[in-house]
file upload01.cif (mmCIF, C-alpha atoms)
data_model
#
loop_
_atom_site.group_PDB
_atom_site.id
_atom_site.type_symbol
_atom_site.label_atom_id
_atom_site.label_comp_id
_atom_site.auth_asym_id
_atom_site.auth_seq_id
_atom_site.Cartn_x
_atom_site.Cartn_y
_atom_site.Cartn_z
ATOM 1 C CA MET A 9 6.812 5.433 16.003
ATOM 2 C CA PRO A 10 6.913 6.766 12.416
ATOM 3 C CA THR A 11 5.791 10.300 11.685
ATOM 4 C CA LEU A 12 2.521 11.099 9.974
ATOM 5 C CA GLU A 13 4.345 12.453 6.923
ATOM 6 C CA TYR A 14 6.423 9.272 6.635
ATOM 7 C CA LEU A 15 3.307 7.097 6.800
ATOM 8 C CA ARG A 16 1.564 9.164 4.141
ATOM 9 C CA SER A 17 4.495 8.927 1.755
ATOM 10 C CA GLU A 18 4.908 5.196 2.405
ATOM 11 C CA ILE A 19 1.191 4.591 1.739
ATOM 12 C CA GLU A 20 1.438 6.550 -1.512
ATOM 13 C CA HIS A 21 4.510 4.555 -2.548
ATOM 14 C CA MET A 22 2.857 1.228 -1.735
ATOM 15 C CA ARG A 23 -0.286 2.178 -3.662
ATOM 16 C CA ARG A 24 1.861 2.812 -6.738
ATOM 17 C CA GLN A 25 3.387 -0.637 -6.227
ATOM 18 C CA ILE A 26 -0.114 -2.119 -6.050
ATOM 19 C CA GLY A 27 -0.972 -0.520 -9.398
ATOM 20 C CA ARG A 28 2.180 -1.905 -10.997
ATOM 21 C CA GLN A 29 1.515 -5.340 -9.525
ATOM 22 C CA GLN A 30 -2.056 -5.338 -10.850
ATOM 23 C CA LYS A 31 -0.765 -4.491 -14.331
ATOM 24 C CA GLU A 32 1.782 -7.299 -14.050
ATOM 25 C CA ILE A 33 -0.962 -9.757 -13.078
ATOM 26 C CA GLN A 34 -3.029 -8.691 -16.089
ATOM 27 C CA SER A 35 -0.025 -9.211 -18.359
ATOM 28 C CA LEU A 36 0.574 -12.664 -16.926
ATOM 29 C CA LYS A 37 -3.081 -13.578 -17.410
ATOM 30 C CA ARG A 38 -3.013 -12.404 -21.026
ATOM 31 C CA ALA A 39 0.076 -14.529 -21.581
ATOM 32 C CA GLY A 40 -1.683 -17.526 -20.035
ATOM 33 C CA LEU A 41 0.808 -17.811 -17.165
ATOM 34 C CA SER A 42 0.185 -18.583 -13.531
ATOM 35 C CA THR A 43 -0.561 -15.527 -11.397
ATOM 36 C CA ALA A 44 -0.651 -17.206 -7.973
ATOM 37 C CA SER A 45 2.672 -15.866 -6.691
ATOM 38 C CA ALA A 46 1.952 -12.371 -8.055
ATOM 39 C CA GLU A 47 -1.475 -12.388 -6.422
ATOM 40 C CA ASN A 48 0.067 -13.498 -3.122
ATOM 41 C CA LEU A 49 2.521 -10.612 -3.306
ATOM 42 C CA LEU A 50 -0.325 -8.232 -4.089
ATOM 43 C CA SER A 51 -2.282 -9.395 -1.043
ATOM 44 C CA ARG A 52 0.795 -8.937 1.188
ATOM 45 C CA ILE A 53 1.320 -5.415 -0.152
ATOM 46 C CA GLN A 54 -2.354 -4.596 0.413
ATOM 47 C CA ALA A 55 -2.189 -5.918 3.988
ATOM 48 C CA LYS A 56 0.870 -3.720 4.592
ATOM 49 C CA VAL A 57 -0.988 -0.677 3.247
ATOM 50 C CA ASP A 58 -3.957 -1.458 5.490
ATOM 51 C CA GLY A 59 -1.632 -1.592 8.510
ATOM 52 C CA LEU A 60 0.011 1.701 7.535
ATOM 53 C CA CYS A 61 -3.416 3.307 7.126
ATOM 54 C CA ASP A 62 -4.363 2.137 10.622
ATOM 55 C CA GLN A 63 -1.158 3.650 12.029
ATOM 56 C CA ARG A 64 -1.814 6.879 10.125
ATOM 57 C CA ASP A 65 -5.351 7.087 11.489
ATOM 58 C CA GLN A 66 -4.119 6.563 15.056
ATOM 59 C CA LEU A 67 -1.557 9.344 14.653
ATOM 60 C CA ARG A 68 -4.164 11.693 13.211
ATOM 61 C CA LYS A 69 -6.455 11.061 16.173
ATOM 62 C CA ALA A 70 -3.604 11.778 18.565
ATOM 63 C CA GLU A 71 -2.702 15.094 16.916
ATOM 64 C CA PRO A 72 -4.074 18.263 18.485
ATOM 65 C CA VAL A 73 -6.885 19.903 16.521
ATOM 66 C CA ARG A 74 -5.734 22.972 14.589
#

call {"tool": "encode", "arguments": {"input": "upload01.cif", "output": "structure tokens"}}
result
Amino acid sequence: MPTLEYLRSEIEHMRRQIGRQQKEIQSLKRAGLSTASAENLLSRIQAKVDGLCDQRDQLRKAEPVR
């Protein structure tokens, strides 16, 4: 199972990717191009982040209280 620190850094990285993907979608919309594949990728990234957040929360619950 991944460490808590790894999950936190991966979540942060994926959230930056989400921001870039949202900007890309806006650019495509302004250019009048189809955004379906970009939006599908964005939803897959978001689902991955949600899963990582769930794993992070489980690890935090399992950690001893300091």

call {"tool": "residues_around", "arguments": {"input": "upload01.cif", "residues": "Arg64 in chain A", "least_positions_apart": "3", "cutoff": "12 Å", "atoms": "all atoms listed in the file", "output": "PDB file with C-alpha atoms, keeping the file's coordinate frame"}}
result
ATOM      1  CA  MET A   9       6.812   5.433  16.003  1.00  0.00           C
ATOM      2  CA  PRO A  10       6.913   6.766  12.416  1.00  0.00           C
ATOM      3  CA  THR A  11       5.791  10.300  11.685  1.00  0.00           C
ATOM      4  CA  LEU A  12       2.521  11.099   9.974  1.00  0.00           C
ATOM      5  CA  GLU A  13       4.345  12.453   6.923  1.00  0.00           C
ATOM      6  CA  TYR A  14       6.423   9.272   6.635  1.00  0.00           C
ATOM      7  CA  LEU A  15       3.307   7.097   6.800  1.00  0.00           C
ATOM      8  CA  ARG A  16       1.564   9.164   4.141  1.00  0.00           C
ATOM      9  CA  SER A  17       4.495   8.927   1.755  1.00  0.00           C
ATOM     10  CA  GLU A  18       4.908   5.196   2.405  1.00  0.00           C
ATOM     11  CA  ILE A  19       1.191   4.591   1.739  1.00  0.00           C
ATOM     12  CA  VAL A  57      -0.988  -0.677   3.247  1.00  0.00           C
ATOM     13  CA  ASP A  58      -3.957  -1.458   5.490  1.00  0.00           C
ATOM     14  CA  GLY A  59      -1.632  -1.592   8.510  1.00  0.00           C
ATOM     15  CA  LEU A  60       0.011   1.701   7.535  1.00  0.00           C
ATOM     16  CA  CYS A  61      -3.416   3.307   7.126  1.00  0.00           C
ATOM     17  CA  LEU A  67      -1.557   9.344  14.653  1.00  0.00           C
ATOM     18  CA  ARG A  68      -4.164  11.693  13.211  1.00  0.00           C
ATOM     19  CA  LYS A  69      -6.455  11.061  16.173  1.00  0.00           C
ATOM     20  CA  ALA A  70      -3.604  11.778  18.565  1.00  0.00           C
ATOM     21  CA  GLU A  71      -2.702  15.094  16.916  1.00  0.00           C
TER      22      GLU A  71
END

call {"tool": "residues_around", "arguments": {"input": "upload01.cif", "residues": "Ile53 in chain A", "least_positions_apart": "5", "cutoff": "12 Å", "atoms": "all atoms listed in the file", "output": "MDAnalysis selection string"}}
result
chainID A and resid 18:19 21:30 46:48 58:60

call {"tool": "atom_distance", "arguments": {"input": "upload01.cif", "atom1": "CA of Ser51 in chain A", "atom2": "CA of Leu36 in chain A"}}
result
16.5 Å

call {"tool": "closest_residue", "arguments": {"input": "upload01.cif", "among": "A:Pro72, A:Ala55, A:Leu50, A:Gln63", "to": "Glu32 in chain A", "atoms": "all atoms listed in the file"}}
result
A:Leu50

call {"tool": "build_atoms", "arguments": {"input": "upload01.cif", "residues": "range 24-44 of chain A", "atoms": "N, CA and C atoms", "output": "PDB file, in the frame of the given file"}}
result
ATOM      1  N   ARG A  24       1.291   2.878  -5.387  1.00  0.00           N
ATOM      2  CA  ARG A  24       1.861   2.812  -6.738  1.00  0.00           C
ATOM      3  C   ARG A  24       2.341   1.399  -7.040  1.00  0.00           C
ATOM      4  N   GLN A  25       2.944   0.751  -6.044  1.00  0.00           N
ATOM      5  CA  GLN A  25       3.387  -0.637  -6.227  1.00  0.00           C
ATOM      6  C   GLN A  25       2.197  -1.542  -6.514  1.00  0.00           C
ATOM      7  N   ILE A  26       1.092  -1.312  -5.824  1.00  0.00           N
ATOM      8  CA  ILE A  26      -0.114  -2.119  -6.050  1.00  0.00           C
ATOM      9  C   ILE A  26      -0.567  -1.973  -7.495  1.00  0.00           C
ATOM     10  N   GLY A  27      -0.581  -0.752  -8.001  1.00  0.00           N
ATOM     11  CA  GLY A  27      -0.972  -0.520  -9.398  1.00  0.00           C
ATOM     12  C   GLY A  27      -0.072  -1.254 -10.375  1.00  0.00           C
ATOM     13  N   ARG A  28       1.238  -1.192 -10.127  1.00  0.00           N
ATOM     14  CA  ARG A  28       2.180  -1.905 -10.997  1.00  0.00           C
ATOM     15  C   ARG A  28       1.960  -3.412 -10.918  1.00  0.00           C
ATOM     16  N   GLN A  29       1.711  -3.904  -9.709  1.00  0.00           N
ATOM     17  CA  GLN A  29       1.515  -5.340  -9.525  1.00  0.00           C
ATOM     18  C   GLN A  29       0.237  -5.805 -10.224  1.00  0.00           C
ATOM     19  N   GLN A  30      -0.806  -4.986 -10.164  1.00  0.00           N
ATOM     20  CA  GLN A  30      -2.056  -5.338 -10.850  1.00  0.00           C
ATOM     21  C   GLN A  30      -1.849  -5.399 -12.360  1.00  0.00           C
ATOM     22  N   LYS A  31      -1.066  -4.467 -12.896  1.00  0.00           N
ATOM     23  CA  LYS A  31      -0.765  -4.491 -14.331  1.00  0.00           C
ATOM     24  C   LYS A  31       0.034  -5.735 -14.691  1.00  0.00           C
ATOM     25  N   GLU A  32       0.977  -6.094 -13.819  1.00  0.00           N
ATOM     26  CA  GLU A  32       1.782  -7.299 -14.050  1.00  0.00           C
ATOM     27  C   GLU A  32       0.897  -8.546 -14.054  1.00  0.00           C
ATOM     28  N   ILE A  33      -0.043  -8.608 -13.140  1.00  0.00           N
ATOM     29  CA  ILE A  33      -0.962  -9.757 -13.078  1.00  0.00           C
ATOM     30  C   ILE A  33      -1.779  -9.837 -14.361  1.00  0.00           C
ATOM     31  N   GLN A  34      -2.263  -8.689 -14.842  1.00  0.00           N
ATOM     32  CA  GLN A  34      -3.029  -8.691 -16.089  1.00  0.00           C
ATOM     33  C   GLN A  34      -2.177  -9.172 -17.259  1.00  0.00           C
ATOM     34  N   SER A  35      -0.926  -8.762 -17.289  1.00  0.00           N
ATOM     35  CA  SER A  35      -0.025  -9.211 -18.359  1.00  0.00           C
ATOM     36  C   SER A  35       0.198 -10.709 -18.293  1.00  0.00           C
ATOM     37  N   LEU A  36       0.378 -11.219 -17.091  1.00  0.00           N
ATOM     38  CA  LEU A  36       0.574 -12.664 -16.926  1.00  0.00           C
ATOM     39  C   LEU A  36      -0.670 -13.430 -17.361  1.00  0.00           C
ATOM     40  N   LYS A  37      -1.837 -12.911 -17.016  1.00  0.00           N
ATOM     41  CA  LYS A  37      -3.081 -13.578 -17.410  1.00  0.00           C
ATOM     42  C   LYS A  37      -3.235 -13.595 -18.921  1.00  0.00           C
ATOM     43  N   ARG A  38      -2.920 -12.458 -19.561  1.00  0.00           N
ATOM     44  CA  ARG A  38      -3.013 -12.404 -21.026  1.00  0.00           C
ATOM     45  C   ARG A  38      -2.061 -13.389 -21.676  1.00  0.00           C
ATOM     46  N   ALA A  39      -0.914 -13.594 -21.037  1.00  0.00           N
ATOM     47  CA  ALA A  39       0.076 -14.529 -21.581  1.00  0.00           C
ATOM     48  C   ALA A  39      -0.251 -15.976 -21.221  1.00  0.00           C
ATOM     49  N   GLY A  40      -1.286 -16.177 -20.408  1.00  0.00           N
ATOM     50  CA  GLY A  40      -1.683 -17.526 -20.035  1.00  0.00           C
ATOM     51  C   GLY A  40      -0.793 -18.146 -18.973  1.00  0.00           C
ATOM     52  N   LEU A  41      -0.097 -17.307 -18.198  1.00  0.00           N
ATOM     53  CA  LEU A  41       0.808 -17.811 -17.165  1.00  0.00           C
ATOM     54  C   LEU A  41       0.143 -17.777 -15.794  1.00  0.00           C
ATOM     55  N   SER A  42       0.712 -18.528 -14.887  1.00  0.00           N
ATOM     56  CA  SER A  42       0.185 -18.583 -13.531  1.00  0.00           C
ATOM     57  C   SER A  42       0.388 -17.235 -12.828  1.00  0.00           C
ATOM     58  N   THR A  43      -0.636 -16.805 -12.099  1.00  0.00           N
ATOM     59  CA  THR A  43      -0.561 -15.527 -11.397  1.00  0.00           C
ATOM     60  C   THR A  43      -0.589 -15.712  -9.879  1.00  0.00           C
ATOM     61  N   ALA A  44      -0.506 -16.936  -9.406  1.00  0.00           N
ATOM     62  CA  ALA A  44      -0.651 -17.206  -7.973  1.00  0.00           C
ATOM     63  C   ALA A  44       0.383 -16.464  -7.137  1.00  0.00           C
TER      64      ALA A  44
END
